[in-house]
file target-v7.cif (mmCIF, C-alpha atoms)
data_final
#
loop_
_atom_site.label_atom_id
_atom_site.label_comp_id
_atom_site.auth_asym_id
_atom_site.auth_seq_id
_atom_site.Cartn_x
_atom_site.Cartn_y
_atom_site.Cartn_z
CA MET A 1 24.56 11.71 -12.75
CA LYS A 2 22.33 11.45 -9.67
CA LYS A 3 23.61 13.69 -6.90
CA GLY A 4 21.40 12.66 -3.98
CA LYS A 5 22.44 10.29 -1.22
CA ASP A 6 22.33 6.57 -1.93
CA ILE A 7 19.14 4.99 -0.57
CA VAL A 8 18.57 1.44 0.62
CA CYS A 9 14.87 0.63 1.02
CA ILE A 10 14.07 -2.46 3.09
CA SER A 11 10.49 -3.41 2.36
CA MET A 12 7.74 -5.65 3.68
CA THR A 13 6.36 -5.98 0.16
CA THR A 14 7.55 -7.17 -3.21
CA TRP A 15 8.34 -4.82 -6.06
CA GLU A 16 6.27 -6.68 -8.61
CA GLY A 17 2.68 -7.71 -8.07
CA ASP A 18 -0.91 -7.22 -9.12
CA TYR A 19 -1.83 -4.35 -6.82
CA MET A 20 -0.64 -0.81 -6.20
CA LYS A 21 1.98 -0.35 -3.46
CA THR A 22 2.77 2.85 -1.61
CA ILE A 23 6.49 2.26 -1.18
CA VAL A 24 7.01 1.18 -4.81
CA HIS A 25 5.49 4.44 -6.02
CA MET A 26 7.54 6.49 -3.58
CA VAL A 27 10.84 4.77 -4.38
CA SER A 28 10.17 5.22 -8.11
CA GLN A 29 9.97 8.96 -7.53
CA LEU A 30 13.03 9.09 -5.27
CA ALA A 31 15.04 7.29 -7.97
CA LYS A 32 14.92 10.48 -10.04
CA ASN A 33 17.49 12.06 -7.70
CA HIS A 34 19.04 9.11 -5.88
CA GLN A 35 20.57 5.74 -6.55
CA VAL A 36 18.13 3.33 -4.93
CA LEU A 37 18.52 -0.28 -3.83
CA PHE A 38 15.10 -1.84 -3.16
CA VAL A 39 15.33 -4.90 -0.91
CA ASP A 40 12.37 -7.14 -1.62
CA TYR A 41 10.08 -8.85 0.87
CA PRO A 42 11.99 -11.62 2.72
CA PHE A 43 10.46 -14.78 1.27
CA THR A 44 10.51 -17.89 3.44
CA ALA A 45 11.27 -21.56 2.91
CA LYS A 46 7.49 -22.04 2.92
CA ASP A 47 7.28 -19.80 -0.17
CA VAL A 48 9.94 -21.96 -1.87
CA MET A 49 8.03 -25.17 -1.20
CA GLY A 50 4.73 -23.58 -2.20
CA THR A 51 6.19 -22.41 -5.51
CA ILE A 52 7.66 -25.83 -6.26
CA ALA A 53 4.23 -27.34 -5.54
CA GLY A 54 2.57 -24.81 -7.86
CA LYS A 55 0.66 -23.08 -5.04
CA ALA A 56 2.77 -19.91 -4.83
CA ASN A 57 4.78 -17.68 -7.12
CA ALA A 58 8.02 -16.77 -5.40
CA PRO A 59 11.24 -15.99 -7.39
CA VAL A 60 12.86 -19.26 -6.32
CA LYS A 61 15.82 -19.16 -8.73
CA ARG A 62 16.89 -15.72 -7.49
CA MET A 63 16.23 -16.67 -3.86
CA LEU A 64 18.50 -19.70 -4.15
CA GLY A 65 21.16 -17.84 -6.15
CA LEU A 66 20.54 -19.89 -9.30
CA SER A 67 20.06 -16.58 -11.09
CA PRO A 68 21.44 -13.19 -9.96
CA ARG A 69 19.79 -11.90 -6.80
CA LEU A 70 20.78 -8.33 -7.70
CA ARG A 71 19.29 -6.88 -10.87
CA THR A 72 18.46 -3.52 -12.43
CA LEU A 73 14.86 -2.53 -13.11
CA SER A 74 13.50 0.35 -15.14
CA GLU A 75 10.49 2.20 -13.75
CA LYS A 76 9.16 5.27 -15.57
CA GLY A 77 12.57 5.82 -17.13
CA GLN A 78 14.43 5.50 -13.82
CA GLU A 79 16.90 2.74 -12.99
CA ILE A 80 16.33 1.02 -9.65
CA TYR A 81 18.47 -1.73 -8.19
CA HIS A 82 16.49 -4.68 -6.88
CA LEU A 83 17.68 -7.32 -4.43
CA THR A 84 16.04 -10.68 -3.79
CA LEU A 85 17.07 -12.10 -0.41
CA PRO A 86 17.95 -15.71 0.41
CA PRO A 87 14.96 -17.57 1.91
CA VAL A 88 14.42 -17.36 5.65
CA LEU A 89 12.42 -19.54 8.02
CA PRO A 90 8.81 -18.65 8.88
CA ILE A 91 8.99 -17.90 12.60
CA ASN A 92 6.00 -15.67 13.35
CA TRP A 93 4.20 -18.65 14.90
CA ILE A 94 6.70 -18.78 17.77
CA ASN A 95 5.09 -17.49 20.97
CA ASN A 96 8.14 -17.16 23.21
CA PRO A 97 9.56 -13.62 22.67
CA THR A 98 13.12 -14.61 23.64
CA THR A 99 13.24 -17.58 21.26
CA TYR A 100 11.66 -15.51 18.52
CA SER A 101 14.14 -12.67 19.00
CA LYS A 102 17.16 -14.98 18.88
CA LEU A 103 16.02 -16.66 15.67
CA ASN A 104 15.08 -13.34 14.10
CA THR A 105 18.50 -11.87 14.94
CA LEU A 106 20.20 -14.88 13.39
CA GLN A 107 18.16 -14.65 10.21
CA SER A 108 18.65 -10.90 10.03
CA SER A 109 22.42 -11.40 10.01
CA ILE A 110 21.99 -13.40 6.81
CA ILE A 111 19.84 -10.62 5.38
CA ALA A 112 22.42 -7.99 6.39
CA SER A 113 25.19 -9.95 4.69
CA SER A 114 23.22 -10.11 1.46
CA ILE A 115 22.46 -6.37 1.53
CA LEU A 116 26.06 -5.43 2.31
CA GLN A 117 27.28 -7.55 -0.58
CA ALA A 118 24.89 -5.75 -2.93
CA MET A 119 25.95 -2.36 -1.54
CA ASP A 120 29.59 -3.26 -2.13
CA THR A 121 28.82 -4.23 -5.74
CA LEU A 122 27.00 -0.93 -6.26
CA ALA A 123 29.61 1.14 -4.37
CA PHE A 124 26.95 2.49 -1.99
CA ASP A 125 28.52 4.46 0.86
CA LYS A 126 26.77 5.61 4.04
CA PRO A 127 23.29 5.30 2.52
CA ILE A 128 20.02 6.59 3.89
CA VAL A 129 18.13 3.47 4.95
CA ILE A 130 14.36 3.63 4.58
CA ASN A 131 12.62 0.80 6.36
CA ALA A 132 9.15 0.41 4.84
CA PHE A 133 6.92 -1.17 7.48
CA ASN A 134 9.39 -3.93 8.32
CA PRO A 135 10.63 -3.32 11.88
CA ILE A 136 11.02 -7.07 12.37
CA VAL A 137 14.03 -6.98 10.04
CA GLY A 138 14.82 -3.33 10.75
CA LEU A 139 15.47 -3.65 14.49
CA PRO A 140 18.36 -6.18 14.34
CA LEU A 141 19.83 -4.35 11.32
CA VAL A 142 20.21 -0.99 13.08
CA GLY A 143 23.80 0.22 12.53
CA LYS A 144 24.73 -2.82 10.44
CA LEU A 145 24.49 -1.10 7.03
CA ASN A 146 26.75 1.88 7.77
CA GLU A 147 23.71 4.10 7.33
CA SER A 148 23.93 7.88 7.54
CA LYS A 149 20.25 8.17 8.46
CA LEU A 150 17.55 5.67 9.39
CA VAL A 151 13.94 6.42 8.41
CA TYR A 152 10.89 4.35 9.30
CA TYR A 153 8.15 4.57 6.64
CA CYS A 154 4.95 3.39 8.32
CA TYR A 155 1.77 2.95 6.28
CA ASP A 156 -0.35 0.60 8.44
CA GLU A 157 -0.99 -0.11 12.11
CA ILE A 158 1.20 -3.11 12.79
CA ARG A 159 -0.59 -4.14 15.99
CA ALA A 160 -3.80 -4.66 14.03
CA ALA A 161 -2.12 -6.58 11.20
CA GLN A 162 -3.05 -10.25 11.42
CA TRP A 163 0.18 -11.48 9.84
CA CYS A 164 2.58 -9.92 12.35
CA GLY A 165 0.51 -8.70 15.27
CA LYS A 166 2.08 -11.23 17.65
CA HIS A 167 5.57 -9.65 17.69
CA GLY A 168 5.30 -6.68 15.35
CA GLY A 169 4.03 -4.09 17.82
CA MET A 170 6.73 -4.75 20.38
CA MET A 171 9.47 -4.69 17.74
CA GLU A 172 8.11 -1.52 16.17
CA ASP A 173 8.21 0.26 19.53
CA GLN A 174 11.86 -0.74 20.02
CA PHE A 175 12.76 0.11 16.43
CA MET A 176 11.21 3.57 16.59
CA GLN A 177 13.45 4.40 19.55
CA LYS A 178 16.47 3.89 17.29
CA VAL A 179 15.46 5.64 14.05
CA ASN A 180 16.13 9.26 13.13
CA GLU A 181 12.85 10.01 11.39
CA VAL A 182 9.38 8.49 11.04
CA ILE A 183 7.12 9.03 8.04
CA VAL A 184 3.45 8.04 8.31
CA THR A 185 0.70 8.06 5.69
CA SER A 186 -2.48 8.85 7.63
CA GLU A 187 -3.83 11.11 10.36
CA GLY A 188 -4.50 8.07 12.54
CA LEU A 189 -0.92 6.86 12.29
CA TYR A 190 0.39 10.36 12.96
CA ALA A 191 -1.68 10.58 16.14
CA SER A 192 -0.19 7.35 17.49
CA LYS A 193 3.40 7.39 16.18
CA SER A 194 4.12 11.04 16.98
CA LYS A 195 3.61 10.17 20.65
CA VAL A 196 6.48 7.69 20.37
CA HIS A 197 8.88 9.64 18.15
CA PRO A 198 9.20 13.45 18.10
CA ASN A 199 10.46 13.53 14.49
CA THR A 200 7.32 12.15 12.86
CA THR A 201 6.11 13.59 9.55
CA LEU A 202 2.78 12.99 7.81
CA VAL A 203 3.13 12.33 4.06
CA LYS A 204 -0.15 11.03 2.71
CA ASN A 205 -0.48 8.52 -0.09
CA GLY A 206 -0.68 9.76 -3.66
CA VAL A 207 -1.68 8.61 -7.12
CA ASP A 208 -0.01 7.89 -10.44
CA PHE A 209 -2.16 10.55 -12.02
CA ASP A 210 -1.07 10.10 -15.64
CA LEU A 211 -1.79 6.36 -15.46
CA PHE A 212 -5.21 6.55 -13.83
CA HIS A 213 -6.44 9.56 -15.74
CA LYS A 214 -6.39 7.30 -18.82
CA GLY A 215 -9.59 5.83 -17.37
CA PHE A 216 -11.44 9.18 -17.60
CA ASN A 217 -14.54 8.36 -19.61
CA ARG A 218 -17.71 10.45 -19.68
CA THR A 219 -19.32 8.46 -22.51
CA LYS A 220 -19.72 4.96 -21.06
CA ASP A 221 -21.47 2.40 -23.23
CA THR A 222 -22.73 0.13 -20.44
CA PRO A 223 -26.56 -0.20 -20.35
CA ARG A 224 -26.63 -0.36 -16.55
CA LYS A 225 -24.86 1.72 -13.93
CA VAL A 226 -21.65 0.13 -12.67
CA VAL A 227 -20.61 0.43 -9.03
CA GLY A 228 -16.91 -0.37 -8.89
CA TYR A 229 -14.40 -1.37 -6.25
CA VAL A 230 -10.65 -1.64 -6.89
CA GLY A 231 -8.48 -3.30 -4.26
CA SER A 232 -8.05 -6.49 -2.33
CA ILE A 233 -11.17 -8.39 -1.34
CA ASP A 234 -9.89 -8.94 2.17
CA PHE A 235 -10.52 -8.57 5.88
CA ARG A 236 -10.89 -4.79 5.65
CA LEU A 237 -14.23 -4.84 3.84
CA ASP A 238 -17.69 -4.57 5.41
CA TYR A 239 -19.40 -7.55 3.77
CA ASP A 240 -22.72 -6.93 5.51
CA LEU A 241 -22.78 -3.49 3.90
CA LEU A 242 -21.86 -4.90 0.49
CA GLU A 243 -24.54 -7.56 0.60
CA HIS A 244 -27.07 -4.96 1.68
CA LEU A 245 -26.19 -2.72 -1.29
CA ILE A 246 -26.15 -5.58 -3.80
CA ARG A 247 -29.57 -6.80 -2.69
CA ALA A 248 -31.08 -3.31 -2.44
CA LYS A 249 -29.74 -2.00 -5.77
CA LYS A 250 -30.50 -4.78 -8.22
CA LYS A 251 -30.56 -2.22 -11.04
CA TYR A 252 -26.81 -1.59 -10.55
CA ASP A 253 -23.97 -3.93 -11.47
CA PHE A 254 -21.20 -4.33 -8.88
CA HIS A 255 -17.69 -4.88 -10.26
CA PHE A 256 -14.85 -6.01 -7.98
CA VAL A 257 -11.29 -5.71 -9.34
CA GLY A 258 -8.53 -7.18 -7.18
CA ARG A 259 -7.05 -10.20 -5.51
CA VAL A 260 -9.27 -12.27 -3.24
CA THR A 261 -7.96 -13.27 0.20
CA GLU A 262 -11.41 -13.99 1.65
CA PRO A 263 -12.84 -16.66 -0.71
CA GLU A 264 -15.81 -17.40 1.56
CA GLN A 265 -16.87 -13.75 1.44
CA GLN A 266 -16.41 -13.73 -2.33
CA GLN A 267 -18.76 -16.71 -2.60
CA ARG A 268 -21.24 -14.89 -0.37
CA LEU A 269 -21.43 -12.02 -2.84
CA ALA A 270 -20.87 -13.88 -6.12
CA LYS A 271 -24.22 -15.68 -5.84
CA TYR A 272 -26.02 -12.47 -6.84
CA PRO A 273 -26.53 -11.96 -10.60
CA ASN A 274 -25.51 -8.29 -10.49
CA VAL A 275 -22.04 -9.06 -9.10
CA ASN A 276 -18.86 -9.67 -11.13
CA PHE A 277 -15.35 -10.42 -9.88
CA PHE A 278 -12.52 -9.66 -12.31
CA GLY A 279 -9.60 -10.86 -10.20
CA PRO A 280 -6.24 -9.16 -9.81
CA GLN A 281 -5.05 -6.94 -12.65
CA GLN A 282 -1.66 -5.56 -13.50
CA PRO A 283 -1.50 -1.90 -12.40
CA ASN A 284 -1.32 -0.63 -16.00
CA ASP A 285 -4.56 -2.47 -16.82
CA ILE A 286 -6.63 -1.19 -13.91
CA PRO A 287 -7.64 2.14 -15.54
CA LYS A 288 -9.23 0.18 -18.41
CA LYS A 289 -11.53 -1.51 -15.91
CA MET A 290 -12.22 1.73 -14.09
CA ALA A 291 -13.22 3.41 -17.36
CA GLN A 292 -16.42 1.35 -17.14
CA PHE A 293 -17.24 2.47 -13.59
CA ASP A 294 -19.95 5.04 -12.99
CA ILE A 295 -19.04 5.34 -9.33
CA GLY A 296 -16.29 4.05 -7.03
CA ILE A 297 -16.83 2.75 -3.52
CA ILE A 298 -14.65 2.32 -0.42
CA PRO A 299 -16.70 -0.10 1.72
CA PHE A 300 -14.21 -0.51 4.57
CA ALA A 301 -15.34 -1.75 7.95
CA LYS A 302 -14.72 0.60 10.83
CA ASN A 303 -12.14 -0.89 13.21
CA GLU A 304 -8.69 -0.48 14.77
CA PHE A 305 -6.89 -1.42 11.56
CA THR A 306 -8.86 0.64 9.04
CA LYS A 307 -8.90 3.81 11.15
CA ASN A 308 -5.23 4.27 10.25
CA ILE A 309 -5.64 3.79 6.50
CA TYR A 310 -5.27 6.49 3.86
CA PRO A 311 -6.59 4.47 0.89
CA LEU A 312 -4.69 4.60 -2.39
CA LYS A 313 -7.93 4.03 -4.27
CA ILE A 314 -9.48 7.34 -3.24
CA ASN A 315 -7.18 9.39 -5.49
CA GLU A 316 -7.31 6.72 -8.18
CA TYR A 317 -11.10 7.04 -8.39
CA LEU A 318 -10.82 10.83 -8.44
CA ALA A 319 -8.23 10.74 -11.24
CA VAL A 320 -10.76 8.82 -13.32
CA GLY A 321 -13.32 11.53 -12.50
CA ILE A 322 -15.98 9.29 -10.99
CA PRO A 323 -18.01 10.00 -7.84
CA VAL A 324 -16.84 8.27 -4.68
CA VAL A 325 -18.86 6.91 -1.75
CA SER A 326 -17.07 5.72 1.37
CA THR A 327 -17.78 4.56 4.88
CA ASP A 328 -16.51 6.77 7.70
CA PHE A 329 -13.74 4.30 8.59
CA ALA A 330 -11.04 6.98 9.00
CA SER A 331 -10.45 10.70 8.78
CA LEU A 332 -11.14 11.75 5.19
CA ASP A 333 -11.43 15.48 5.81
CA ASP A 334 -9.20 16.27 2.82
CA PHE A 335 -11.92 14.91 0.54
CA LYS A 336 -15.15 15.99 2.23
CA GLU A 337 -16.03 18.26 -0.72
CA VAL A 338 -15.74 15.49 -3.33
CA VAL A 339 -16.41 12.22 -1.46
CA ALA A 340 -19.75 11.19 0.04
CA ILE A 341 -18.96 9.77 3.48
CA SER A 342 -21.54 7.42 5.00
CA LYS A 343 -22.21 6.46 8.61
CA SER A 344 -24.70 3.65 7.97
CA ASN A 345 -25.77 1.15 5.32
CA LEU A 346 -28.87 3.17 4.45
CA GLU A 347 -26.87 6.38 4.15
CA PHE A 348 -24.36 4.64 1.89
CA GLN A 349 -27.22 3.40 -0.29
CA ALA A 350 -28.74 6.90 -0.48
CA HIS A 351 -25.38 8.42 -1.39
CA LEU A 352 -24.97 5.93 -4.24
CA ASP A 353 -28.23 7.03 -5.78
CA ALA A 354 -27.66 10.74 -5.24
CA GLU A 355 -24.10 10.78 -6.59
CA LEU A 356 -25.15 8.95 -9.74
CA VAL A 357 -28.21 11.11 -10.38
CA PHE A 358 -26.55 14.46 -9.74
CA ASP A 359 -23.13 13.86 -11.27
CA THR A 360 -21.91 16.45 -13.80
CA THR A 361 -18.89 17.05 -16.00
CA ASP A 362 -17.89 20.01 -13.82
CA LYS A 363 -17.89 17.79 -10.75
CA ALA A 364 -15.82 15.21 -12.60
CA LEU A 365 -13.24 17.81 -13.58
CA GLU A 366 -13.00 19.04 -9.97
CA ARG A 367 -12.26 15.50 -8.84
CA VAL A 368 -9.55 15.24 -11.47
CA ARG A 369 -8.03 18.53 -10.33
CA ILE A 370 -7.77 17.33 -6.74
CA ALA A 371 -6.21 14.02 -7.78
CA GLN A 372 -3.63 15.82 -9.89
CA GLN A 373 -2.54 17.81 -6.83
CA ASN A 374 -1.96 14.49 -5.04
CA ASP A 375 0.34 12.96 -7.64
CA TRP A 376 3.22 10.89 -6.26
CA SER A 377 5.70 13.45 -7.57
CA GLU A 378 4.26 15.97 -5.10
CA ARG A 379 4.43 13.47 -2.25
CA ALA A 380 8.07 12.67 -3.07
CA LEU A 381 8.99 16.32 -2.57
CA GLU A 382 7.66 16.05 0.98
CA VAL A 383 9.73 12.92 1.61
CA GLU A 384 12.84 14.61 0.19
CA LYS A 385 12.47 17.31 2.85
CA VAL A 386 12.58 14.62 5.53
CA LEU A 387 15.63 12.99 3.98
CA ASP A 388 17.40 16.37 3.77
CA LYS A 389 16.77 17.31 7.41
CA GLN A 390 19.76 17.66 9.70
CA LEU A 391 20.16 14.64 11.96
CA LEU A 392 18.51 15.31 15.30
CA SER A 393 19.26 13.33 18.41
CA HIS A 394 16.49 11.08 19.70
CA ALA A 395 16.76 9.24 22.97
#

call {"tool": "encode", "arguments": {"input": "target-v7.cif", "output": "structure tokens"}}
result
Amino acid sequence: MKKGKDIVCISMTTWEGDYMKTIVHMVSQLAKNHQVLFVDYPFTAKDVMGTIAGKANAPVKRMLGLSPRLRTLSEKGQEIYHLTLPPVLPINWINNPTTYSKLNTLQSSIIASSILQAMDTLAFDKPIVINAFNPIVGLPLVGKLNESKLVYYCYDEIRAAQWCGKHGGMMEDQFMQKVNEVIVTSEGLYASKSKVHPNTTLVKNGVDFDLFHKGFNRTKDTPRKVVGYVGSIDFRLDYDLLEHLIRAKKKYDFHFVGRVTEPEQQQRLAKYPNVNFFGPQQPNDIPKKMAQFDIGIIPFAKNEFTKNIYPLKINEYLAVGIPVVSTDFASLDDFKEVVAISKSNLEFQAHLDAELVFDTTDKALERVRIAQQNDWSERALEVEKVLDKQLLSHA
């Protein structure tokens, strides 16, 4: 019998998917001690139409109530309750803040009703509500779920996010004035959010160590060195840097594993014979791809969005034991002994060569040791401390 407080997690992401998600990992750990209801990303009517047309993959039957919206999932031996919400209207395009707020409040009342119905079915009472980077829904729901504590789990800079930058920043500011605690995942986010809320705690991202360590492989059978990247091929990447490396290091193969949201940039790189794109992979299959990497790269551009990122992939690479080369997009002081951090294209290129030439088994084992210390189970202990804190007033 789980003795911890009931938890309702309202997310801006889906539970399932073909990439690793911070909040899914964290909730999986919290489910060891708590009953958890995970409220999925609020799909829109546009997602319904896109799925019917074969251009999207939303859970339409659950959204429309043709199959149960509330279900039980099993994750690493833990039961987690999962709620799919009714579809809402896409309203982020609306410029007028007053009109947007009224429509958002109306839609959020529908969301609240769906969550309360699920809570009643599950006999949840006075839950801790964790809002995972979704202040747009979180703000109008404050006090509506009979919550005993309200926690904002922030893992990106919302003002720099293209998909919600229009209204997200304003709503986040208002939301943070109403929550009890804020959890952030990077030094950059801590610097900004702690100025707004006094009860802000830094809990950095972790790694599913047991899963990724399966990719540890010191006897690769590839004839050429493989430079690997795992993650979305999206707006965060420095494509000038990547093209420079690909052209300069023709003796290396470059493998990209992840979903593509920038098809034009993919085409820009795919024309080179030493480049391969493997598309999105299920999380359990990613270590198999990484087992063929000789080195992992984090080629993020340096800008207002990326400066607040603590990349999941850094610990994933280390769990596999491979060297890591990164741009200096954010504070990576925790890893300065095991990650080569580059300030220019030429420095990145030089680090690639040096890390491959001078890699050793001892270095690989040190990387593994550091990753093991950053397992999600350790991070969950830090979050539990926040959840257990006495409620403090915040005006």

call {"tool": "closest_atom_pairs", "arguments": {"input": "target-v7.cif", "of": "segment 317-370 of chain A", "to": "segment 211-218 of chain A", "cutoff": "7 Å", "atoms": "all atoms listed in the file", "output": "JSON lines"}}
result
{"residue": "A:Ala319", "atom": "CA", "partner": "A:His213", "partner_atom": "CA", "distance": 5.0}
{"residue": "A:Val320", "atom": "CA", "partner": "A:Phe216", "partner_atom": "CA", "distance": 4.3}
{"residue": "A:Gly321", "atom": "CA", "partner": "A:Phe216", "partner_atom": "CA", "distance": 5.9}

call {"tool": "resolve_selection", "arguments": {"input": "target-v7.cif", "expression": "the PyMOL selection byres ((chain A and resi 358-365) around 8)", "output": "list in words"}}
result
Arg218, Leu318, Gly321, Ile322, Pro323, Ala354, Glu355, Leu356, Val357, Glu366, Arg367, Val368 and Arg369 of chain A

call {"tool": "atom_distance", "arguments": {"input": "target-v7.cif", "atom1": "atom CA of Ala56 of chain A", "atom2": "atom CA of Arg71 of chain A"}}
result
21.9 Å

call {"tool": "atom_distance", "arguments": {"input": "target-v7.cif", "atom1": "atom CA of Tyr155 of chain A", "atom2": "atom CA of Asn104 of chain A"}}
result
22.4 Å

call {"tool": "closest_residue", "arguments": {"input": "target-v7.cif", "among": "A:Leu139, A:Pro42, A:Tyr190, A:Pro287", "to": "Gln177 of chain A", "atoms": "all atoms listed in the file"}}
result
A:Leu139

call {"tool": "resolve_selection", "arguments": {"input": "target-v7.cif", "expression": "the PyMOL selection byres ((chain A and resi 107) around 12)", "output": "count of residues only"}}
result
29

call {"tool": "resolve_selection", "arguments": {"input": "target-v7.cif", "expression": "the PyMOL selection byres ((chain A and resi 243) around 12)", "output": "PDB file with C-alpha atoms, in the coordinates of the input"}}
result
ATOM      1  CA  LEU A 237     -14.230  -4.840   3.840  1.00  0.00           C
ATOM      2  CA  ASP A 238     -17.690  -4.570   5.410  1.00  0.00           C
ATOM      3  CA  TYR A 239     -19.400  -7.550   3.770  1.00  0.00           C
ATOM      4  CA  ASP A 240     -22.720  -6.930   5.510  1.00  0.00           C
ATOM      5  CA  LEU A 241     -22.780  -3.490   3.900  1.00  0.00           C
ATOM      6  CA  LEU A 242     -21.860  -4.900   0.490  1.00  0.00           C
ATOM      7  CA  HIS A 244     -27.070  -4.960   1.680  1.00  0.00           C
ATOM      8  CA  LEU A 245     -26.190  -2.720  -1.290  1.00  0.00           C
ATOM      9  CA  ILE A 246     -26.150  -5.580  -3.800  1.00  0.00           C
ATOM     10  CA  ARG A 247     -29.570  -6.800  -2.690  1.00  0.00           C
ATOM     11  CA  ALA A 248     -31.080  -3.310  -2.440  1.00  0.00           C
ATOM     12  CA  LYS A 249     -29.740  -2.000  -5.770  1.00  0.00           C
ATOM     13  CA  LYS A 250     -30.500  -4.780  -8.220  1.00  0.00           C
ATOM     14  CA  PHE A 254     -21.200  -4.330  -8.880  1.00  0.00           C
ATOM     15  CA  GLN A 265     -16.870 -13.750   1.440  1.00  0.00           C
ATOM     16  CA  GLN A 266     -16.410 -13.730  -2.330  1.00  0.00           C
ATOM     17  CA  GLN A 267     -18.760 -16.710  -2.600  1.00  0.00           C
ATOM     18  CA  ARG A 268     -21.240 -14.890  -0.370  1.00  0.00           C
ATOM     19  CA  LEU A 269     -21.430 -12.020  -2.840  1.00  0.00           C
ATOM     20  CA  ALA A 270     -20.870 -13.880  -6.120  1.00  0.00           C
ATOM     21  CA  LYS A 271     -24.220 -15.680  -5.840  1.00  0.00           C
ATOM     22  CA  TYR A 272     -26.020 -12.470  -6.840  1.00  0.00           C
ATOM     23  CA  ASN A 274     -25.510  -8.290 -10.490  1.00  0.00           C
ATOM     24  CA  VAL A 275     -22.040  -9.060  -9.100  1.00  0.00           C
ATOM     25  CA  PRO A 299     -16.700  -0.100   1.720  1.00  0.00           C
ATOM     26  CA  ASN A 345     -25.770   1.150   5.320  1.00  0.00           C
ATOM     27  CA  GLN A 349     -27.220   3.400  -0.290  1.00  0.00           C
TER      28      GLN A 349
END

call {"tool": "residues_near_point", "arguments": {"input": "target-v7.cif", "point": "(8.6, 6.6, -17.5)", "cutoff": "12 Å", "atoms": "only C-alpha atoms", "output": "VMD selection string"}}
result
chain A and resid 28 to 29 31 to 32 73 to 79 208 210 to 211

call {"tool": "write_last_selection", "arguments": {"input": "target-v7.cif", "atoms": "C-alpha atoms", "output": "PDB file, in the frame of the given file"}}
result
ATOM      1  CA  SER A  28      10.170   5.220  -8.110  1.00  0.00           C
ATOM      2  CA  GLN A  29       9.970   8.960  -7.530  1.00  0.00           C
ATOM      3  CA  ALA A  31      15.040   7.290  -7.970  1.00  0.00           C
ATOM      4  CA  LYS A  32      14.920  10.480 -10.040  1.00  0.00           C
ATOM      5  CA  LEU A  73      14.860  -2.530 -13.110  1.00  0.00           C
ATOM      6  CA  SER A  74      13.500   0.350 -15.140  1.00  0.00           C
ATOM      7  CA  GLU A  75      10.490   2.200 -13.750  1.00  0.00           C
ATOM      8  CA  LYS A  76       9.160   5.270 -15.570  1.00  0.00           C
ATOM      9  CA  GLY A  77      12.570   5.820 -17.130  1.00  0.00           C
ATOM     10  CA  GLN A  78      14.430   5.500 -13.820  1.00  0.00           C
ATOM     11  CA  GLU A  79      16.900   2.740 -12.990  1.00  0.00           C
ATOM     12  CA  ASP A 208      -0.010   7.890 -10.440  1.00  0.00           C
ATOM     13  CA  ASP A 210      -1.070  10.100 -15.640  1.00  0.00           C
ATOM     14  CA  LEU A 211      -1.790   6.360 -15.460  1.00  0.00           C
TER      15      LEU A 211
END

call {"tool": "axis_aligned_box", "arguments": {"input": "target-v7.cif", "around": "segment 152-160 of chain A", "padding_each_side": "3 Å", "output": "AutoDock Vina command-line options"}}
result
--center_x 3.5 --center_y 0.0 --center_z 11.1 --size_x 20.7 --size_y 15.2 --size_z 15.7

call {"tool": "atom_distance", "arguments": {"input": "target-v7.cif", "atom1": "atom CA of Ile158 of chain A", "atom2": "atom CA of Glu172 of chain A"}}
result
7.9 Å
